[in-house]
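Listing of run.json; format and content: JSON, C-alpha atoms.
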[["chain", "number", "residue", "atom", "x", "y", "z"],
["A", 1, "MET", "CA", 0.68, 118.76, -158.84],
["A", 2, "LEU", "CA", 0.33, 122.53, -158.88],
["A", 3, "VAL", "CA", -1.23, 122.49, -155.42],
["A", 4, "VAL", "CA", 1.64, 120.38, -154.04],
["A", 5, "ILE", "CA", 4.33, 122.62, -155.57],
["A", 6, "SER", "CA", 2.59, 125.76, -154.36],
["A", 7, "ALA", "CA", 2.30, 124.32, -150.85],
["A", 8, "LEU", "CA", 6.00, 123.41, -150.78],
["A", 9, "LEU", "CA", 7.03, 126.84, -152.01],
["A", 10, "ALA", "CA", 4.75, 128.53, -149.49],
["A", 11, "ALA", "CA", 6.23, 126.40, -146.70],
["A", 12, "ALA", "CA", 9.76, 127.26, -147.82],
["A", 13, "ASP", "CA", 8.79, 130.93, -147.91],
["A", 14, "ILE", "CA", 7.45, 130.77, -144.34],
["A", 15, "VAL", "CA", 10.56, 128.96, -143.06],
["A", 16, "PHE", "CA", 12.85, 131.46, -144.75],
["A", 17, "ALA", "CA", 10.84, 134.39, -143.39],
["A", 18, "VAL", "CA", 11.09, 133.00, -139.84],
["A", 19, "ILE", "CA", 14.84, 132.47, -140.18],
["A", 20, "ALA", "CA", 15.33, 135.96, -141.59],
["A", 21, "ALA", "CA", 13.17, 137.49, -138.87],
["A", 22, "ARG", "CA", 15.13, 135.69, -136.15],
["A", 23, "SER", "CA", 18.40, 136.78, -137.73],
["A", 24, "LEU", "CA", 17.25, 140.36, -137.99],
["A", 25, "SER", "CA", 15.95, 140.34, -134.43],
["A", 26, "ARG", "CA", 19.37, 139.49, -133.05],
["A", 27, "ALA", "CA", 21.34, 142.60, -132.17],
["A", 28, "ASP", "CA", 24.59, 141.43, -133.72],
["A", 29, "ALA", "CA", 23.30, 140.07, -137.07],
["A", 30, "PRO", "CA", 22.22, 143.30, -138.79],
["A", 31, "GLY", "CA", 25.00, 145.20, -137.04],
["A", 32, "LYS", "CA", 27.62, 142.94, -138.55],
["A", 33, "LEU", "CA", 26.43, 143.66, -142.06],
["A", 34, "ARG", "CA", 25.69, 147.36, -141.60],
["A", 35, "ASN", "CA", 29.01, 148.09, -139.92],
["A", 36, "TRP", "CA", 31.18, 145.94, -142.17],
["A", 37, "PHE", "CA", 32.15, 148.95, -144.27],
["A", 38, "ARG", "CA", 31.57, 151.62, -141.65],
["A", 39, "GLN", "CA", 33.80, 151.28, -138.62],
["A", 40, "ARG", "CA", 35.99, 149.06, -136.50],
["A", 41, "LEU", "CA", 36.87, 149.92, -132.94],
["A", 42, "SER", "CA", 40.55, 150.57, -132.41],
["A", 43, "GLY", "CA", 42.42, 147.79, -130.65],
["A", 44, "LYS", "CA", 40.38, 144.94, -132.13],
["A", 45, "ASN", "CA", 42.08, 142.42, -134.35],
["A", 46, "ALA", "CA", 39.03, 141.37, -136.37],
["A", 47, "TYR", "CA", 36.28, 142.94, -138.40],
["A", 48, "ILE", "CA", 32.90, 143.55, -136.86],
["A", 49, "THR", "CA", 31.65, 140.93, -139.29],
["A", 50, "GLY", "CA", 33.71, 138.38, -137.41],
["A", 51, "GLY", "CA", 36.09, 135.82, -138.85],
["A", 52, "SER", "CA", 37.45, 138.24, -141.47],
["A", 53, "GLY", "CA", 40.34, 139.72, -139.59],
["A", 54, "SER", "CA", 42.35, 142.24, -141.52],
["A", 55, "ARG", "CA", 45.42, 142.15, -139.31],
["A", 56, "SER", "CA", 47.88, 139.37, -138.84],
["A", 57, "GLY", "CA", 48.83, 137.92, -135.50],
["A", 58, "ASN", "CA", 51.58, 140.49, -134.96],
["A", 59, "GLY", "CA", 49.17, 143.38, -135.54],
["A", 60, "MET", "CA", 50.53, 144.23, -138.98],
["A", 61, "TYR", "CA", 48.33, 144.97, -141.96],
["A", 62, "ASP", "CA", 47.28, 141.82, -143.81],
["A", 63, "PRO", "CA", 46.47, 142.46, -147.50],
["A", 64, "ALA", "CA", 44.89, 138.98, -147.88],
["A", 65, "TRP", "CA", 41.88, 139.80, -145.68],
["A", 66, "LYS", "CA", 39.68, 140.27, -148.78],
["A", 67, "ASP", "CA", 40.12, 136.61, -149.73],
["A", 68, "ARG", "CA", 38.56, 135.53, -146.42],
["A", 69, "LEU", "CA", 35.22, 137.24, -146.89],
["A", 70, "GLY", "CA", 32.24, 134.92, -146.48],
["A", 71, "LEU", "CA", 29.47, 134.42, -149.00],
["A", 72, "LEU", "CA", 27.05, 136.79, -147.24],
["A", 73, "GLU", "CA", 29.75, 139.46, -147.03],
["A", 74, "ARG", "CA", 30.49, 139.13, -150.73],
["A", 75, "LEU", "CA", 26.80, 139.37, -151.58],
["A", 76, "GLU", "CA", 26.48, 142.37, -149.27],
["A", 77, "LEU", "CA", 29.36, 144.02, -151.11],
["A", 78, "LEU", "CA", 28.10, 143.13, -154.59],
["A", 79, "TYR", "CA", 24.45, 144.11, -154.25],
["A", 80, "ILE", "CA", 24.12, 146.43, -151.23],
["A", 81, "GLU", "CA", 27.33, 148.40, -150.87],
["A", 82, "LYS", "CA", 28.21, 148.89, -154.54],
["A", 83, "SER", "CA", 24.69, 149.92, -155.49],
["A", 84, "ASN", "CA", 24.48, 152.39, -152.57],
["A", 85, "ILE", "CA", 20.85, 151.27, -152.21],
["A", 86, "ARG", "CA", 20.77, 152.32, -148.55],
["A", 87, "ARG", "CA", 20.72, 155.93, -149.67],
["A", 88, "TYR", "CA", 17.17, 155.26, -150.91],
["A", 89, "ILE", "CA", 16.17, 152.34, -148.63],
["A", 90, "PRO", "CA", 18.09, 152.78, -145.35],
["A", 91, "PHE", "CA", 16.97, 149.45, -143.85],
["A", 92, "MET", "CA", 18.00, 147.34, -146.85],
["A", 93, "ASN", "CA", 20.34, 144.42, -146.16],
["A", 94, "ILE", "CA", 21.16, 141.05, -147.65],
["A", 95, "TYR", "CA", 18.42, 139.26, -145.66],
["A", 96, "ILE", "CA", 15.68, 141.53, -146.97],
["A", 97, "LEU", "CA", 17.07, 141.20, -150.49],
["A", 98, "MET", "CA", 17.02, 137.40, -150.32],
["A", 99, "LEU", "CA", 13.50, 137.46, -148.91],
["A", 100, "THR", "CA", 12.39, 139.75, -151.75],
["A", 101, "VAL", "CA", 13.87, 137.40, -154.34],
["A", 102, "LEU", "CA", 12.09, 134.43, -152.78],
["A", 103, "LEU", "CA", 8.75, 136.25, -152.63],
["A", 104, "ILE", "CA", 9.01, 137.19, -156.31],
["A", 105, "PHE", "CA", 9.80, 133.56, -157.16],
["A", 106, "VAL", "CA", 6.79, 132.23, -155.24],
["A", 107, "SER", "CA", 4.39, 134.81, -156.65],
["A", 108, "SER", "CA", 5.55, 134.43, -160.26],
["A", 109, "TYR", "CA", 5.73, 130.61, -160.26],
["A", 110, "ARG", "CA", 1.96, 130.19, -160.15],
["A", 111, "TYR", "CA", 1.38, 132.30, -163.27],
["A", 112, "VAL", "CA", 4.33, 130.89, -165.21],
["A", 113, "PHE", "CA", 3.25, 127.31, -164.47],
["A", 114, "ARG", "CA", -0.27, 128.16, -165.59],
["A", 115, "ILE", "CA", 1.14, 129.24, -168.95],
["A", 116, "LEU", "CA", 3.78, 126.55, -169.51],
["A", 117, "GLY", "CA", 2.22, 123.62, -167.65],
["A", 118, "PHE", "CA", 5.64, 122.08, -166.94],
["A", 119, "VAL", "CA", 7.45, 122.33, -163.59],
["A", 120, "PRO", "CA", 11.14, 122.46, -164.73],
["A", 121, "SER", "CA", 10.66, 125.24, -167.28],
["A", 122, "ALA", "CA", 8.37, 127.13, -164.88],
["A", 123, "VAL", "CA", 11.03, 126.95, -162.17],
["A", 124, "VAL", "CA", 13.73, 128.25, -164.55],
["A", 125, "ILE", "CA", 11.63, 131.16, -165.85],
["A", 126, "SER", "CA", 10.43, 132.05, -162.33],
["A", 127, "GLY", "CA", 14.03, 131.99, -161.15],
["A", 128, "ILE", "CA", 14.98, 134.50, -163.84],
["A", 129, "LEU", "CA", 12.08, 136.77, -162.91],
["A", 130, "SER", "CA", 12.91, 136.53, -159.21],
["A", 131, "ALA", "CA", 16.46, 137.68, -159.95],
["A", 132, "THR", "CA", 15.18, 141.02, -161.28],
["A", 133, "PRO", "CA", 16.17, 142.90, -158.07],
["A", 134, "LEU", "CA", 19.69, 141.52, -158.41],
["A", 135, "PHE", "CA", 19.95, 142.75, -162.00],
["A", 136, "LEU", "CA", 18.65, 146.18, -160.99],
["A", 137, "LEU", "CA", 21.13, 146.48, -158.13],
["A", 138, "GLU", "CA", 23.96, 145.36, -160.41],
["A", 139, "LEU", "CA", 22.95, 148.04, -162.91],
["A", 140, "MET", "CA", 22.90, 150.61, -160.10],
["A", 141, "ALA", "CA", 26.41, 149.54, -159.11],
["A", 142, "ARG", "CA", 27.54, 149.91, -162.72],
["A", 143, "TYR", "CA", 25.90, 153.33, -162.90],
["A", 144, "ASN", "CA", 27.68, 154.39, -159.72],
["A", 145, "ALA", "CA", 31.02, 153.25, -161.12],
["A", 146, "GLU", "CA", 30.39, 155.14, -164.36],
["A", 147, "THR", "CA", 29.38, 158.28, -162.44],
["A", 148, "ILE", "CA", 32.50, 158.16, -160.28],
["A", 149, "ARG", "CA", 34.71, 157.61, -163.32],
["A", 150, "LYS", "CA", 33.33, 160.74, -164.95],
["A", 151, "LYS", "CA", 33.91, 162.81, -161.81],
["A", 152, "LEU", "CA", 37.25, 161.30, -160.83],
["A", 153, "SER", "CA", 39.43, 163.98, -162.45],
["A", 154, "GLU", "CA", 37.38, 166.73, -160.83],
["A", 155, "TYR", "CA", 37.56, 164.99, -157.47],
["A", 156, "ILE", "CA", 41.34, 164.62, -157.68],
["A", 157, "SER", "CA", 41.49, 168.37, -158.30],
["A", 158, "VAL", "CA", 39.51, 168.91, -155.09],
["A", 159, "LEU", "CA", 41.91, 166.67, -153.15],
["A", 160, "ASN", "CA", 44.87, 168.46, -154.68],
["A", 161, "ARG", "CA", 43.58, 171.85, -153.50],
["A", 162, "TRP", "CA", 43.05, 170.61, -149.95],
["A", 163, "CYS", "CA", 46.51, 169.02, -149.92],
["A", 164, "SER", "CA", 47.88, 172.48, -150.71],
["A", 165, "VAL", "CA", 46.38, 173.62, -147.41],
["A", 166, "LYS", "CA", 47.67, 170.63, -145.44],
["A", 167, "GLU", "CA", 49.77, 167.89, -147.02],
["A", 168, "ASN", "CA", 47.74, 165.00, -145.60],
["A", 169, "ILE", "CA", 45.59, 162.87, -147.88],
["A", 170, "MET", "CA", 43.18, 161.80, -145.12],
["A", 171, "TYR", "CA", 42.66, 165.45, -144.21],
["A", 172, "ALA", "CA", 41.96, 166.13, -147.90],
["A", 173, "PHE", "CA", 39.45, 163.27, -148.07],
["A", 174, "GLU", "CA", 37.61, 164.56, -145.01],
["A", 175, "LYS", "CA", 37.54, 168.17, -146.22],
["A", 176, "SER", "CA", 36.41, 167.11, -149.69],
["A", 177, "LEU", "CA", 33.07, 166.07, -148.17],
["A", 178, "ASP", "CA", 32.25, 169.77, -147.83],
["A", 179, "SER", "CA", 32.65, 170.18, -151.59],
["A", 180, "ASN", "CA", 29.95, 169.30, -154.10],
["A", 181, "ILE", "CA", 31.40, 165.93, -155.09],
["A", 182, "GLY", "CA", 27.98, 164.32, -155.63],
["A", 183, "GLU", "CA", 26.66, 160.84, -154.99],
["A", 184, "PRO", "CA", 27.62, 158.06, -154.62],
["A", 185, "LEU", "CA", 31.18, 159.33, -154.14],
["A", 186, "HIS", "CA", 30.14, 161.43, -151.15],
["A", 187, "THR", "CA", 28.68, 158.40, -149.33],
["A", 188, "PHE", "CA", 31.64, 156.14, -150.15],
["A", 189, "VAL", "CA", 34.25, 158.70, -149.06],
["A", 190, "ARG", "CA", 32.26, 159.56, -145.93],
["A", 191, "ASP", "CA", 32.20, 155.90, -144.89],
["A", 192, "MET", "CA", 35.93, 155.63, -145.52],
["A", 193, "VAL", "CA", 36.64, 158.72, -143.38],
["A", 194, "ILE", "CA", 34.49, 157.30, -140.56],
["A", 195, "GLN", "CA", 36.44, 154.06, -140.70],
["A", 196, "VAL", "CA", 39.80, 155.84, -140.46],
["A", 197, "ASN", "CA", 38.60, 158.11, -137.64],
["A", 198, "SER", "CA", 37.39, 154.99, -135.80],
["A", 199, "GLY", "CA", 40.88, 153.52, -135.78],
["A", 200, "MET", "CA", 41.03, 151.50, -138.99],
["A", 201, "ASP", "CA", 44.26, 151.39, -140.93],
["A", 202, "PRO", "CA", 44.01, 153.91, -143.81],
["A", 203, "CYS", "CA", 45.16, 151.31, -146.35],
["A", 204, "GLU", "CA", 42.38, 148.95, -145.27],
["A", 205, "ALA", "CA", 39.79, 151.71, -145.52],
["A", 206, "LEU", "CA", 41.07, 152.63, -148.98],
["A", 207, "GLU", "CA", 40.87, 148.99, -150.09],
["A", 208, "MET", "CA", 37.25, 148.86, -148.96],
["A", 209, "LEU", "CA", 36.59, 152.04, -150.91],
["A", 210, "GLN", "CA", 38.27, 150.49, -153.94],
["A", 211, "MET", "CA", 36.10, 147.35, -153.68],
["A", 212, "LYS", "CA", 32.91, 149.41, -153.89],
["A", 213, "VAL", "CA", 33.71, 150.85, -157.33],
["A", 214, "ASP", "CA", 34.20, 148.57, -160.36],
["A", 215, "ASP", "CA", 36.35, 150.91, -162.40],
["A", 216, "VAL", "CA", 39.96, 150.48, -163.50],
["A", 217, "GLN", "CA", 40.76, 154.21, -163.27],
["A", 218, "PHE", "CA", 39.44, 154.43, -159.73],
["A", 219, "SER", "CA", 41.42, 151.32, -158.77],
["A", 220, "ASP", "CA", 44.60, 152.90, -160.16],
["A", 221, "PHE", "CA", 43.86, 156.06, -158.19],
["A", 222, "ILE", "CA", 43.41, 154.14, -154.92],
["A", 223, "VAL", "CA", 46.51, 151.98, -155.51],
["A", 224, "ASN", "CA", 48.65, 155.09, -156.02],
["A", 225, "ILE", "CA", 47.26, 156.71, -152.88],
["A", 226, "LYS", "CA", 47.96, 153.57, -150.82],
["A", 227, "LEU", "CA", 51.55, 153.38, -152.10],
["A", 228, "SER", "CA", 52.06, 157.05, -151.28],
["A", 229, "ILE", "CA", 50.80, 156.47, -147.72],
["A", 230, "ARG", "CA", 52.95, 153.40, -147.14],
["A", 231, "HIS", "CA", 56.15, 154.88, -148.57],
["A", 232, "ARG", "CA", 55.49, 158.50, -147.55],
["A", 233, "GLY", "CA", 55.66, 159.81, -151.08],
["A", 234, "ASP", "CA", 55.04, 163.33, -152.32],
["A", 235, "ILE", "CA", 51.24, 163.32, -152.28],
["A", 236, "LYS", "CA", 50.96, 166.76, -153.85],
["A", 237, "LYS", "CA", 53.07, 165.76, -156.85],
["A", 238, "LEU", "CA", 51.20, 162.45, -157.14],
["A", 239, "LEU", "CA", 47.79, 164.13, -157.23],
["A", 240, "THR", "CA", 48.98, 166.63, -159.82],
["A", 241, "ASN", "CA", 50.24, 163.85, -162.10],
["A", 242, "LEU", "CA", 47.06, 161.80, -161.59],
["A", 243, "GLU", "CA", 44.93, 164.83, -162.35],
["A", 244, "ASN", "CA", 46.70, 165.45, -165.66],
["A", 245, "GLN", "CA", 46.61, 161.77, -166.57],
["A", 246, "PHE", "CA", 42.91, 161.28, -165.88],
["A", 247, "TYR", "CA", 41.90, 164.46, -167.66],
["A", 248, "LYS", "CA", 43.58, 163.07, -170.78],
["A", 249, "ILE", "CA", 41.77, 159.75, -170.32],
["A", 250, "ASP", "CA", 38.45, 161.59, -169.92],
["A", 251, "GLU", "CA", 39.06, 163.44, -173.18],
["A", 252, "GLU", "CA", 39.61, 160.11, -174.93],
["A", 253, "TYR", "CA", 36.45, 158.65, -173.39],
["A", 254, "ASN", "CA", 34.45, 161.66, -174.57],
["A", 255, "ARG", "CA", 36.00, 161.55, -178.02],
["A", 256, "ARG", "CA", 35.18, 157.89, -178.51],
["A", 257, "ARG", "CA", 31.87, 158.12, -176.60],
["A", 258, "ILE", "CA", 32.63, 155.04, -174.56],
["A", 259, "SER", "CA", 29.94, 154.03, -172.04],
["A", 260, "THR", "CA", 29.90, 150.54, -170.57],
["A", 261, "TYR", "CA", 26.83, 151.40, -168.50],
["A", 262, "ARG", "CA", 24.77, 152.27, -171.58],
["A", 263, "ASP", "CA", 25.89, 149.06, -173.28],
["A", 264, "ARG", "CA", 24.90, 147.03, -170.24],
["A", 265, "MET", "CA", 21.49, 148.69, -170.10],
["A", 266, "VAL", "CA", 20.86, 147.80, -173.74],
["A", 267, "ILE", "CA", 21.98, 144.20, -173.22],
["A", 268, "CYS", "CA", 19.75, 143.70, -170.18],
["A", 269, "ALA", "CA", 16.76, 145.26, -171.96],
["A", 270, "VAL", "CA", 17.26, 142.95, -174.94],
["A", 271, "MET", "CA", 17.66, 139.91, -172.71],
["A", 272, "PHE", "CA", 14.47, 140.67, -170.76],
["A", 273, "ALA", "CA", 12.59, 141.29, -174.01],
["A", 274, "VAL", "CA", 13.31, 137.70, -175.05],
["A", 275, "LEU", "CA", 10.67, 136.33, -172.66],
["A", 276, "PRO", "CA", 7.59, 138.15, -174.00],
["A", 277, "LEU", "CA", 8.78, 137.81, -177.59],
["A", 278, "SER", "CA", 9.30, 134.07, -177.18],
["A", 279, "TYR", "CA", 5.81, 133.65, -175.75],
["A", 280, "PHE", "CA", 4.39, 135.73, -178.60],
["A", 281, "PHE", "CA", 6.05, 133.58, -181.28],
["A", 282, "ILE", "CA", 5.00, 130.36, -179.53],
["A", 283, "THR", "CA", 1.35, 131.37, -179.31],
["A", 284, "MET", "CA", 1.30, 132.95, -182.76],
["A", 285, "SER", "CA", 1.02, 129.55, -184.44],
["A", 286, "PRO", "CA", -1.43, 126.92, -183.08],
["A", 287, "LYS", "CA", 0.83, 124.06, -184.19],
["A", 288, "VAL", "CA", 3.87, 125.55, -182.45],
["A", 289, "GLU", "CA", 1.84, 126.25, -179.32],
["A", 290, "ILE", "CA", 0.51, 122.69, -179.19],
["A", 291, "PHE", "CA", 4.01, 121.26, -179.67],
["A", 292, "TYR", "CA", 5.77, 123.36, -176.98],
["A", 293, "LEU", "CA", 2.93, 123.59, -174.46],
["A", 294, "GLY", "CA", 0.99, 120.40, -175.14],
["A", 295, "THR", "CA", 3.53, 117.64, -175.81],
["A", 296, "LEU", "CA", 6.20, 116.18, -173.53],
["A", 297, "ASN", "CA", 8.96, 116.51, -176.14],
["A", 298, "GLY", "CA", 8.07, 120.14, -176.70],
["A", 299, "LYS", "CA", 8.04, 120.88, -172.96],
["A", 300, "ILE", "CA", 11.42, 119.22, -172.50],
["A", 301, "LEU", "CA", 12.84, 121.19, -175.43],
["A", 302, "LEU", "CA", 11.37, 124.39, -173.99],
["A", 303, "THR", "CA", 13.03, 123.59, -170.66],
["A", 304, "VAL", "CA", 16.39, 123.14, -172.40],
["A", 305, "PHE", "CA", 15.96, 126.49, -174.13],
["A", 306, "SER", "CA", 14.99, 128.09, -170.82],
["A", 307, "ILE", "CA", 18.11, 126.75, -169.12],
["A", 308, "MET", "CA", 20.32, 127.98, -171.96],
["A", 309, "TYR", "CA", 18.62, 131.36, -171.74],
["A", 310, "ALA", "CA", 19.14, 131.50, -167.97],
["A", 311, "VAL", "CA", 22.84, 130.63, -168.29],
["A", 312, "GLY", "CA", 23.26, 133.28, -170.99],
["A", 313, "PHE", "CA", 21.49, 135.86, -168.86],
["A", 314, "TYR", "CA", 23.60, 134.88, -165.85],
["A", 315, "LEU", "CA", 26.87, 135.35, -167.72],
["A", 316, "THR", "CA", 25.82, 138.44, -169.66],
["A", 317, "ALA", "CA", 24.54, 140.34, -166.63],
["A", 318, "GLY", "CA", 27.86, 139.75, -164.90],
["A", 319, "ILE", "CA", 26.42, 138.45, -161.64],
["A", 320, "THR", "CA", 29.16, 135.86, -161.43],
["A", 321, "ARG", "CA", 31.63, 138.53, -160.27],
["A", 322, "PHE", "CA", 31.98, 137.99, -156.54],
["A", 323, "ARG", "CA", 35.60, 139.04, -156.45],
["A", 324, "SER", "CA", 36.17, 142.78, -156.72],
["A", 325, "ARG", "CA", 39.09, 144.33, -158.47]]

Have the structure of the file written as structure tokens, please.
Amino acid sequence: MLVVISALLAAADIVFAVIAARSLSRADAPGKLRNWFRQRLSGKNAYITGGSGSRSGNGMYDPAWKDRLGLLERLELLYIEKSNIRRYIPFMNIYILMLTVLLIFVSSYRYVFRILGFVPSAVVISGILSATPLFLLELMARYNAETIRKKLSEYISVLNRWCSVKENIMYAFEKSLDSNIGEPLHTFVRDMVIQVNSGMDPCEALEMLQMKVDDVQFSDFIVNIKLSIRHRGDIKKLLTNLENQFYKIDEEYNRRRISTYRDRMVICAVMFAVLPLSYFFITMSPKVEIFYLGTLNGKILLTVFSIMYAVGFYLTAGITRFRSR
């Protein structure tokens, strides 16, 4: 049985690798994903990703373009763009990530099956282990959002100073790149500036920037900027008010020592620690080990527990969030 399962998984791995290699070898496939958040040539009515047009038929801005993103585009946003992983691994894309997950599943299944001796529970546990890169990228995205939240007030001050030189928010965004605004904000703002300079509507570029950061304060900041651009408001006064407001919020965060990223790190560490602890308690008693690893009823019960654990991990880690704020 183990030989058959291993052969099937190896065959699936080879097929997936061939498909991914063919997709990556095509000139338009990686370009669609890499350039989704980077630029769009002026005069085109659709995204480079294709099928996700952001303008309506009359050429006006269409705010519902986000709802038409495909599954690969949503995964690209959730795990690649938000985590800013390309700063460390420039060639990373959704195909390589999926291939990595599959390779981890295939390599871990053999050892998990050797321990549990039951295919369903081995598949569930191997699936959890193979999702480790997804959890790490989600934590990186949460860390980026937390970092940007802490620097948001300071960054608004930088924009406010540049708007004093020239009352144009896009000019301020571009000039802020010369300041020490830090990562990942520098990369996100740089991509947004490139998009605008390439002909993209500023509101669309700002919405893409907003989608990369899962933070309510940053979303409020972007929404106010977009409204100021559309209605030609007093950007200098707006930035001054936002600066004062967010400094007060930062003081409250510091006073209460609120950190969602730290809480998420603790939760993920505890959830991952369940696996070795469970195996330790099962093997600690010979009777318990024989029941769970040697009898059919015990293996079925262990599979049920594994599924419940996987569902809990899935919900707790927050990987169900495909729709950005």

query = If we count all atoms listed in the file, what is near region 219-233 of chain A at a cut-off of 9 Å, once residues fewer than 2 positions away on the same chain are taken out, given as JSON, numbers by chain?
reply = {"A": [152, 156, 169, 202, 203, 206, 207, 209, 210, 211, 213, 214, 215, 216, 217, 235, 236, 237, 238, 239, 242, 325]}

Nearest-residue call for Phe305 (chain A), choices A:Ile194, A:Met140, A:Leu129, A:Val124, using all atoms listed in the file = A:Val124

Who sits within 10 Å of region 85-89 of chain A, only C-alpha atoms, same chain under 3 positions skipped, as a list in words = Arg34, Tyr79, Ile80, Glu81, Lys82, Met92, Asn93, Leu137, Met140, Ala141, Glu183, Pro184 and Thr187 of chain A

ask   = Which of these residues is nearest to Glu154 (chain A), using only C-alpha atoms: A:Ser278, A:Thr295, A:Ser176, A:Thr283?
value = A:Ser176

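Interatomic distance, CA of Val193 (chain A) against CA of Glu174 (chain A): 6.1 Å.
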
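Counting all atoms listed in the file, the residue from A:Leu71, A:Pro90, A:Leu116, A:Tyr309 that sits nearest to Gly294 (chain A) is A:Leu116.
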
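Closest approach to Asn297 (chain A) from the set A:Asn241, A:Leu77, A:Ala273, A:Phe118 is made by A:Phe118, with distances taken over all atoms listed in the file.
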
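Shortest atom-to-atom contact with Lys248 (chain A) among A:Ser121, A:Leu136, A:Ser153, A:Tyr279: A:Ser153, counting only C-alpha atoms.
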
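When CA of Met170 (chain A) is paired with CA of Asp234 (chain A), their separation reads 14.0 Å.
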
ask   = What does the distance between CA of Ile104 (chain A) and CA of Leu296 (chain A) come to in Å, to one decimal place?
value = 27.3 Å

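Around Cys268 (chain A), within 12 Å and counting all atoms listed in the file, the residues found are Thr132, Leu134, Phe135, Leu136, Glu138, Leu139, Tyr261, Arg262, Asp263, Arg264, Met265, Val266, Val270, Met271, Phe272, Ala273, Val274, Leu275, Gly312, Phe313, Tyr314, Leu315, Thr316, Ala317 and Gly318 of chain A, once anything fewer than 2 positions away on its own chain is removed.
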
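Considering the residues A:Arg161, A:Lys166, A:Arg114, A:His186 and counting all atoms listed in the file, Ile148 (chain A) has its shortest atom-to-atom contact with A:His186.
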
Set up a box along x, y and z of the file covering all listed atoms of region 196-206 of chain A, add 6 Å on every one of the six sides, and write the centre and edge lengths in Å to one decimal, as JSON.
{"center_x": 41.3, "center_y": 153.5, "center_z": -142.4, "size_x": 19.8, "size_y": 21.2, "size_z": 25.2}

message = I'd like the contact shell of region 125-127 of chain A - 10 Å cut-off, only C-alpha atoms, skipping same-chain residues fewer than 4 positions apart - returned as a PyMOL selection string.
response = chain A and resi 101-102+104-113+116+120-121+131-132+275+303+306-307+309-310
